[in-house]
file query-v6.pdb (PDB, C-alpha atoms)
MODEL        1
ATOM      1  CA  ILE A   1      44.082  11.984 111.071
ATOM      2  CA  ARG A   2      47.293  10.158 111.896
ATOM      3  CA  ALA A   3      47.481   6.382 112.301
ATOM      4  CA  LYS A   4      49.709   3.326 112.222
ATOM      5  CA  LEU A   5      49.010   0.619 109.633
ATOM      6  CA  PHE A   6      49.531  -2.981 110.767
ATOM      7  CA  ILE A   7      49.303  -6.303 108.927
ATOM      8  CA  LEU A   8      48.832  -9.738 110.453
ATOM      9  CA  ASN A   9      51.740 -12.007 109.513
ATOM     10  CA  ASP A  10      50.094 -15.342 110.248
ATOM     11  CA  GLN A  11      46.505 -15.559 109.074
ATOM     12  CA  SER A  12      45.327 -17.365 112.198
ATOM     13  CA  HIS A  13      44.094 -14.809 114.698
ATOM     14  CA  LEU A  14      45.340 -16.934 117.582
ATOM     15  CA  ASP A  15      48.965 -17.327 116.529
ATOM     16  CA  GLY A  16      49.441 -14.322 114.272
ATOM     17  CA  GLU A  17      51.719 -11.411 115.002
ATOM     18  CA  TRP A  18      50.873  -7.867 113.965
ATOM     19  CA  THR A  19      53.669  -6.041 112.143
ATOM     20  CA  LEU A  20      53.879  -2.276 111.716
ATOM     21  CA  LYS A  21      53.792  -1.485 108.012
ATOM     22  CA  GLY A  22      54.003   2.277 108.384
ATOM     23  CA  ILE A  23      52.795   5.517 109.929
ATOM     24  CA  GLY A  24      50.710   7.910 107.936
ATOM     25  CA  PHE A  25      47.316   9.262 107.091
ATOM     26  CA  PRO A  26      44.278   7.122 106.164
ATOM     27  CA  LEU A  27      41.690   8.691 103.931
ATOM     28  CA  ILE A  28      38.384   7.789 102.369
ATOM     29  CA  ASP A  29      38.304   8.414  98.620
ATOM     30  CA  ARG A  30      34.836   8.682  97.094
ATOM     31  CA  ASP A  31      33.741   9.033  93.522
ATOM     32  CA  ALA A  32      30.475   8.349  91.726
ATOM     33  CA  ASN A  33      30.944   4.576  91.510
ATOM     34  CA  ILE A  34      33.363   3.437  94.213
ATOM     35  CA  SER A  35      34.559   4.319  97.690
ATOM     36  CA  THR A  36      37.994   3.217  98.841
ATOM     37  CA  MET A  37      40.219   3.512 101.874
ATOM     38  CA  LYS A  38      43.752   4.673 101.114
ATOM     39  CA  PHE A  39      46.834   5.284 103.222
ATOM     40  CA  ILE A  40      49.481   7.963 102.615
ATOM     41  CA  TYR A  41      52.778   7.066 104.246
ATOM     42  CA  GLU A  42      54.244   9.882 106.332
ATOM     43  CA  GLU A  43      57.887   9.143 105.483
ATOM     44  CA  ASN A  44      57.629   9.255 101.692
ATOM     45  CA  SER A  45      54.072  10.425 100.820
ATOM     46  CA  ILE A  46      53.441   7.232  98.822
ATOM     47  CA  GLU A  47      49.734   6.451  98.579
ATOM     48  CA  GLU A  48      48.531   2.847  98.923
ATOM     49  CA  LEU A  49      45.063   1.517  98.212
ATOM     50  CA  LEU A  50      44.000  -0.470 101.274
ATOM     51  CA  HIS A  51      40.550  -1.652 100.262
ATOM     52  CA  GLU A  52      37.289  -0.878  98.540
ATOM     53  CA  ILE A  53      34.524  -0.073 101.017
ATOM     54  CA  THR A  54      31.337  -2.046 100.416
ATOM     55  CA  GLU A  55      28.577  -3.471 102.577
ATOM     56  CA  ARG A  56      30.133  -6.947 102.169
ATOM     57  CA  ILE A  57      33.419  -6.068 103.905
ATOM     58  CA  LEU A  58      33.406  -6.659 107.647
ATOM     59  CA  PHE A  59      35.212  -3.758 109.279
ATOM     60  CA  GLU A  60      35.600  -4.130 113.039
ATOM     61  CA  ARG A  61      36.251  -1.483 115.641
ATOM     62  CA  ASP A  62      37.434  -1.948 119.190
ATOM     63  CA  THR A  63      36.220   0.375 121.923
ATOM     64  CA  GLY A  64      39.138   2.742 121.412
ATOM     65  CA  SER A  65      41.109   3.693 118.372
ATOM     66  CA  ILE A  66      41.622   0.538 116.262
ATOM     67  CA  ILE A  67      39.766  -0.404 113.062
ATOM     68  CA  SER A  68      40.553  -3.781 111.458
ATOM     69  CA  TRP A  69      39.387  -5.824 108.455
ATOM     70  CA  GLU A  70      40.379  -8.630 106.128
ATOM     71  CA  ASN A  71      41.528  -7.641 102.649
ATOM     72  CA  THR A  72      39.243  -9.904 100.628
ATOM     73  CA  TYR A  73      41.523  -9.731  97.595
ATOM     74  CA  THR A  74      44.712 -10.859  99.345
ATOM     75  CA  GLY A  75      43.365 -12.558 102.473
ATOM     76  CA  VAL A  76      45.619 -10.361 104.638
ATOM     77  CA  TYR A  77      44.247  -8.935 107.861
ATOM     78  CA  MET A  78      44.946  -5.225 108.306
ATOM     79  CA  ALA A  79      44.449  -2.756 111.149
ATOM     80  CA  LEU A  80      44.664   0.980 111.636
ATOM     81  CA  SER A  81      45.634   2.214 115.086
ATOM     82  CA  PHE A  82      44.741   5.882 115.326
ATOM     83  CA  GLN A  83      46.614   8.509 117.316
ATOM     84  CA  SER A  84      43.291   9.563 118.829
ATOM     85  CA  SER A  85      39.860   8.037 119.216
ATOM     86  CA  GLU A  86      38.454  11.115 117.444
ATOM     87  CA  GLY A  87      40.397  10.170 114.312
ATOM     88  CA  ALA A  88      39.049   6.629 114.517
ATOM     89  CA  ASP A  89      35.538   8.070 114.983
ATOM     90  CA  GLN A  90      35.755  10.069 111.753
ATOM     91  CA  ILE A  91      36.945   7.166 109.627
ATOM     92  CA  TRP A  92      34.521   4.736 111.316
ATOM     93  CA  ARG A  93      31.514   7.013 110.658
ATOM     94  CA  ALA A  94      32.507   7.388 107.005
ATOM     95  CA  ILE A  95      32.857   3.587 106.603
ATOM     96  CA  GLN A  96      29.467   3.001 108.245
ATOM     97  CA  GLU A  97      27.716   5.556 106.055
ATOM     98  CA  ILE A  98      29.254   4.151 102.882
ATOM     99  CA  GLN A  99      28.202   0.651 103.893
ATOM    100  CA  ARG A 100      24.653   1.800 104.727
ATOM    101  CA  TYR A 101      23.966   4.323 101.985
ATOM    102  CA  GLY A 102      26.653   3.767  99.372
ATOM    103  CA  LYS A 103      28.182   7.161 100.138
ATOM    104  CA  ALA A 104      29.530   9.119 103.087
ATOM    105  CA  GLU A 105      28.089  12.433 104.193
ATOM    106  CA  VAL A 106      30.836  12.808 106.804
ATOM    107  CA  THR A 107      33.781  14.831 105.539
ATOM    108  CA  VAL A 108      37.091  13.319 106.623
ATOM    109  CA  GLN A 109      39.934  15.812 106.641
ATOM    110  CA  ASN A 110      43.595  15.109 107.226
ATOM    111  CA  GLU A 111      45.965  17.505 108.893
ATOM    112  CA  GLU A 112      49.148  18.579 107.140
ATOM    113  CA  ILE A 113      51.969  16.051 107.391
ATOM    114  CA  GLU A 114      54.218  17.173 110.232
ATOM    115  CA  ASP A 115      57.958  16.553 110.608
ATOM    116  CA  ASN A 116      57.558  15.882 114.322
ATOM    117  CA  ASP A 117      55.426  13.665 116.521
ATOM    118  CA  GLU A 118      53.696  16.453 118.443
ATOM    119  CA  GLU A 119      50.105  15.838 119.477
ATOM    120  CA  MET A 120      47.788  17.274 116.845
ATOM    121  CA  THR A 121      45.319  19.870 118.026
ATOM    122  CA  ASN A 122      41.616  19.168 117.776
ATOM    123  CA  ASP A 123      40.337  22.735 117.605
ATOM    124  CA  PRO A 124      36.741  22.425 116.355
ATOM    125  CA  MET A 125      37.129  25.702 114.489
ATOM    126  CA  ASP A 126      39.828  24.053 112.333
ATOM    127  CA  GLN A 127      37.679  21.026 111.498
ATOM    128  CA  GLU A 128      34.901  20.864 108.968
ATOM    129  CA  PHE A 129      32.083  18.382 109.213
ATOM    130  CA  VAL A 130      28.905  17.806 107.285
ATOM    131  CA  LEU A 131      25.836  16.441 108.994
ATOM    132  CA  PRO A 132      24.027  13.503 107.413
ATOM    133  CA  PRO A 133      20.666  14.080 105.723
ATOM    134  CA  PRO A 134      17.953  15.049 108.231
ATOM    135  CA  THR A 135      15.987  11.816 108.509
ATOM    136  CA  VAL A 136      14.562  10.048 111.530
ATOM    137  CA  ALA A 137      17.120   7.247 111.079
ATOM    138  CA  ASN A 138      19.979   9.774 111.198
ATOM    139  CA  LEU A 139      18.804  11.652 114.318
ATOM    140  CA  PRO A 140      21.114   9.748 116.736
ATOM    141  CA  MET A 141      24.142  10.449 114.517
ATOM    142  CA  ILE A 142      23.172  14.132 114.119
ATOM    143  CA  LEU A 143      22.764  14.468 117.891
ATOM    144  CA  GLN A 144      26.161  12.843 118.467
ATOM    145  CA  GLU A 145      27.854  15.161 115.940
ATOM    146  CA  LEU A 146      26.314  18.302 117.402
ATOM    147  CA  THR A 147      26.996  17.260 120.985
ATOM    148  CA  SER A 148      30.621  16.384 120.305
ATOM    149  CA  ALA A 149      31.147  19.637 118.389
ATOM    150  CA  ALA A 150      29.640  21.641 121.259
ATOM    151  CA  LEU A 151      31.820  19.885 123.841
ATOM    152  CA  ASP A 152      35.019  20.475 121.877
TER
ENDMDL
END

call {"tool": "encode", "arguments": {"input": "query-v6.pdb", "output": "structure tokens"}}
result
Amino acid sequence: IRAKLFILNDQSHLDGEWTLKGIGFPLIDRDANISTMKFIYEENSIEELLHEITERILFERDTGSIISWENTYTGVYMALSFQSSEGADQIWRAIQEIQRYGKAEVTVQNEEIEDNDEEMTNDPMDQEFVLPPPTVANLPMILQELTSAALD
């Protein structure tokens, strides 16, 4: 999942200007006690912790491929602009599940870092996904996953 990381220079949404911080690969890191969003920069493979994912953090998603939030520790607004809406979908689903259930059942995989800017393929046979637990509340998400996998 390839994306651009932006930060808002001026903290007022009206006057602020978004600045590109880097291009790379966002990932969700989960362990027993904490889930975090990290970013691995494409140019130097340096990993940066972007934010802990909790139900108190307001992540926002536009209708396309942008996810934004305020870093509650620094007060800086950040945004990820994904190369594809499918990449944004994967990260967004993982964030939502962590915020709802404290963990993500969606597996988010990153492609190998490429030396060129070619469009990444979305062959469903190359992608792994795990369906959420089979509960009535999860039926819409399960249907969406199966439908999108069948259409790919």

call {"tool": "resolve_selection", "arguments": {"input": "query-v6.pdb", "expression": "the PyMOL selection byres ((chain A and resi 79) around 12)", "output": "VMD selection string"}}
result
chain A and resid 3 to 9 17 to 23 26 37 39 50 to 51 59 to 62 65 to 71 76 to 78 80 to 82 88

call {"tool": "atom_distance", "arguments": {"input": "query-v6.pdb", "atom1": "atom CA of A:Glu42", "atom2": "atom CA of A:Glu55"}}
result
29.2 Å

call {"tool": "resolve_selection", "arguments": {"input": "query-v6.pdb", "expression": "the PyMOL selection byres ((chain A and resi 44) around 12)", "output": "short mmCIF file (atom, residue, chain, number, x, y, z; two decimals) with C-alpha atoms, keeping the file's coordinate frame"}}
result
data_model
loop_
_atom_site.label_atom_id
_atom_site.label_comp_id
_atom_site.auth_asym_id
_atom_site.auth_seq_id
_atom_site.Cartn_x
_atom_site.Cartn_y
_atom_site.Cartn_z
CA GLY A 22 54.00 2.28 108.38
CA ILE A 23 52.80 5.52 109.93
CA GLY A 24 50.71 7.91 107.94
CA PHE A 25 47.32 9.26 107.09
CA PHE A 39 46.83 5.28 103.22
CA ILE A 40 49.48 7.96 102.62
CA TYR A 41 52.78 7.07 104.25
CA GLU A 42 54.24 9.88 106.33
CA GLU A 43 57.89 9.14 105.48
CA SER A 45 54.07 10.42 100.82
CA ILE A 46 53.44 7.23 98.82
CA GLU A 47 49.73 6.45 98.58
CA GLU A 48 48.53 2.85 98.92
CA ILE A 113 51.97 16.05 107.39
CA ASP A 115 57.96 16.55 110.61
#

call {"tool": "atom_distance", "arguments": {"input": "query-v6.pdb", "atom1": "atom CA of A:Tyr73", "atom2": "atom CA of A:Ile57"}}
result
10.9 Å

call {"tool": "atom_distance", "arguments": {"input": "query-v6.pdb", "atom1": "atom CA of A:Ala94", "atom2": "atom CA of A:Met141"}}
result
11.7 Å

call {"tool": "closest_residue", "arguments": {"input": "query-v6.pdb", "among": "A:Thr74, A:Gln96, A:Gln83, A:Thr63", "to": "A:Ile28", "atoms": "only C-alpha atoms"}}
result
A:Gln96

call {"tool": "closest_residue", "arguments": {"input": "query-v6.pdb", "among": "A:Gln144, A:Gln99, A:Gln90, A:Ser84", "to": "A:Thr54", "atoms": "all atoms listed in the file"}}
result
A:Gln99

call {"tool": "closest_residue", "arguments": {"input": "query-v6.pdb", "among": "A:Ser85, A:Glu97, A:Gly16, A:Thr72", "to": "A:Leu58", "atoms": "all atoms listed in the file"}}
result
A:Thr72

call {"tool": "closest_residue", "arguments": {"input": "query-v6.pdb", "among": "A:Glu86, A:Ala137, A:Leu143, A:Ile91", "to": "A:Ile53", "atoms": "only C-alpha atoms"}}
result
A:Ile91

call {"tool": "decode", "arguments": {"input": "query-v6.pdb", "residues": "stretch 63-91 of chain A", "atoms": "N, CA, C and O atoms", "output": "JSON list (two decimals), in the first residue's frame"}}
result
[["chain", "number", "residue", "atom", "x", "y", "z"],
["A", 63, "THR", "N", -14.14, 10.80, 0.52],
["A", 63, "THR", "CA", -14.79, 9.77, -0.29],
["A", 63, "THR", "C", -13.82, 8.99, -1.16],
["A", 63, "THR", "O", -14.18, 7.96, -1.70],
["A", 64, "GLY", "N", -12.60, 9.44, -1.27],
["A", 64, "GLY", "CA", -11.64, 8.76, -2.14],
["A", 64, "GLY", "C", -10.54, 8.07, -1.38],
["A", 64, "GLY", "O", -10.74, 7.04, -0.74],
["A", 65, "SER", "N", -9.36, 8.66, -1.44],
["A", 65, "SER", "CA", -8.18, 7.94, -0.96],
["A", 65, "SER", "C", -7.37, 8.73, 0.07],
["A", 65, "SER", "O", -6.16, 8.57, 0.15],
["A", 66, "ILE", "N", -8.01, 9.57, 0.87],
["A", 66, "ILE", "CA", -7.30, 10.36, 1.88],
["A", 66, "ILE", "C", -7.85, 10.05, 3.27],
["A", 66, "ILE", "O", -9.05, 10.07, 3.50],
["A", 67, "ILE", "N", -6.93, 9.77, 4.21],
["A", 67, "ILE", "CA", -7.26, 9.58, 5.62],
["A", 67, "ILE", "C", -6.48, 10.64, 6.38],
["A", 67, "ILE", "O", -5.27, 10.79, 6.18],
["A", 68, "SER", "N", -7.15, 11.38, 7.28],
["A", 68, "SER", "CA", -6.48, 12.43, 8.04],
["A", 68, "SER", "C", -6.84, 12.33, 9.51],
["A", 68, "SER", "O", -7.85, 11.73, 9.88],
["A", 69, "TRP", "N", -6.01, 12.96, 10.37],
["A", 69, "TRP", "CA", -6.23, 12.96, 11.81],
["A", 69, "TRP", "C", -5.33, 14.00, 12.43],
["A", 69, "TRP", "O", -4.39, 14.50, 11.82],
["A", 70, "GLU", "N", -5.63, 14.32, 13.69],
["A", 70, "GLU", "CA", -4.76, 15.20, 14.46],
["A", 70, "GLU", "C", -3.93, 14.35, 15.41],
["A", 70, "GLU", "O", -4.46, 13.52, 16.14],
["A", 71, "ASN", "N", -2.60, 14.57, 15.37],
["A", 71, "ASN", "CA", -1.72, 13.90, 16.32],
["A", 71, "ASN", "C", -1.96, 14.55, 17.67],
["A", 71, "ASN", "O", -1.62, 15.70, 17.88],
["A", 72, "THR", "N", -2.59, 13.82, 18.60],
["A", 72, "THR", "CA", -2.96, 14.41, 19.88],
["A", 72, "THR", "C", -1.77, 14.71, 20.78],
["A", 72, "THR", "O", -1.89, 15.46, 21.73],
["A", 73, "TYR", "N", -0.62, 14.14, 20.46],
["A", 73, "TYR", "CA", 0.57, 14.40, 21.26],
["A", 73, "TYR", "C", 1.26, 15.69, 20.84],
["A", 73, "TYR", "O", 1.79, 16.42, 21.66],
["A", 74, "THR", "N", 1.26, 15.97, 19.53],
["A", 74, "THR", "CA", 1.96, 17.15, 19.02],
["A", 74, "THR", "C", 1.02, 18.25, 18.55],
["A", 74, "THR", "O", 1.45, 19.38, 18.35],
["A", 75, "GLY", "N", -0.25, 17.93, 18.35],
["A", 75, "GLY", "CA", -1.20, 18.90, 17.83],
["A", 75, "GLY", "C", -1.09, 19.13, 16.33],
["A", 75, "GLY", "O", -1.74, 20.00, 15.78],
["A", 76, "VAL", "N", -0.29, 18.33, 15.65],
["A", 76, "VAL", "CA", -0.08, 18.47, 14.21],
["A", 76, "VAL", "C", -1.12, 17.64, 13.46],
["A", 76, "VAL", "O", -1.37, 16.49, 13.81],
["A", 77, "TYR", "N", -1.71, 18.24, 12.45],
["A", 77, "TYR", "CA", -2.64, 17.51, 11.59],
["A", 77, "TYR", "C", -1.84, 16.77, 10.53],
["A", 77, "TYR", "O", -0.92, 17.34, 9.93],
["A", 78, "MET", "N", -2.22, 15.51, 10.29],
["A", 78, "MET", "CA", -1.51, 14.67, 9.33],
["A", 78, "MET", "C", -2.53, 14.07, 8.37],
["A", 78, "MET", "O", -3.71, 13.93, 8.70],
["A", 79, "ALA", "N", -2.06, 13.70, 7.18],
["A", 79, "ALA", "CA", -2.93, 13.05, 6.20],
["A", 79, "ALA", "C", -2.13, 12.07, 5.37],
["A", 79, "ALA", "O", -0.95, 12.30, 5.07],
["A", 80, "LEU", "N", -2.76, 10.98, 5.03],
["A", 80, "LEU", "CA", -2.22, 10.00, 4.10],
["A", 80, "LEU", "C", -3.05, 10.06, 2.83],
["A", 80, "LEU", "O", -4.27, 9.95, 2.88],
["A", 81, "SER", "N", -2.39, 10.25, 1.71],
["A", 81, "SER", "CA", -3.04, 10.23, 0.40],
["A", 81, "SER", "C", -2.56, 8.97, -0.31],
["A", 81, "SER", "O", -1.38, 8.85, -0.66],
["A", 82, "PHE", "N", -3.47, 8.02, -0.48],
["A", 82, "PHE", "CA", -3.10, 6.72, -1.01],
["A", 82, "PHE", "C", -3.07, 6.71, -2.53],
["A", 82, "PHE", "O", -3.82, 7.44, -3.18],
["A", 83, "GLN", "N", -2.22, 5.86, -3.09],
["A", 83, "GLN", "CA", -2.10, 5.71, -4.52],
["A", 83, "GLN", "C", -3.41, 5.17, -5.11],
["A", 83, "GLN", "O", -3.77, 5.49, -6.23],
["A", 84, "SER", "N", -4.12, 4.38, -4.32],
["A", 84, "SER", "CA", -5.39, 3.82, -4.79],
["A", 84, "SER", "C", -6.40, 3.85, -3.66],
["A", 84, "SER", "O", -6.04, 3.82, -2.48],
["A", 85, "SER", "N", -7.67, 3.88, -4.03],
["A", 85, "SER", "CA", -8.71, 3.85, -3.00],
["A", 85, "SER", "C", -8.73, 2.50, -2.29],
["A", 85, "SER", "O", -9.12, 2.41, -1.13],
["A", 86, "GLU", "N", -8.28, 1.44, -2.97],
["A", 86, "GLU", "CA", -8.22, 0.12, -2.34],
["A", 86, "GLU", "C", -7.23, 0.13, -1.17],
["A", 86, "GLU", "O", -7.48, -0.49, -0.14],
["A", 87, "GLY", "N", -6.11, 0.81, -1.34],
["A", 87, "GLY", "CA", -5.14, 0.93, -0.25],
["A", 87, "GLY", "C", -5.73, 1.68, 0.94],
["A", 87, "GLY", "O", -5.55, 1.28, 2.09],
["A", 88, "ALA", "N", -6.45, 2.76, 0.64],
["A", 88, "ALA", "CA", -7.11, 3.52, 1.70],
["A", 88, "ALA", "C", -8.17, 2.66, 2.39],
["A", 88, "ALA", "O", -8.31, 2.72, 3.61],
["A", 89, "ASP", "N", -8.88, 1.84, 1.60],
["A", 89, "ASP", "CA", -9.90, 0.95, 2.17],
["A", 89, "ASP", "C", -9.30, -0.01, 3.20],
["A", 89, "ASP", "O", -9.86, -0.21, 4.28],
["A", 90, "GLN", "N", -8.16, -0.60, 2.87],
["A", 90, "GLN", "CA", -7.53, -1.56, 3.78],
["A", 90, "GLN", "C", -7.14, -0.90, 5.10],
["A", 90, "GLN", "O", -7.44, -1.43, 6.17],
["A", 91, "ILE", "N", -6.47, 0.23, 5.02],
["A", 91, "ILE", "CA", -6.04, 0.91, 6.24],
["A", 91, "ILE", "C", -7.26, 1.40, 7.02],
["A", 91, "ILE", "O", -7.33, 1.28, 8.24]]
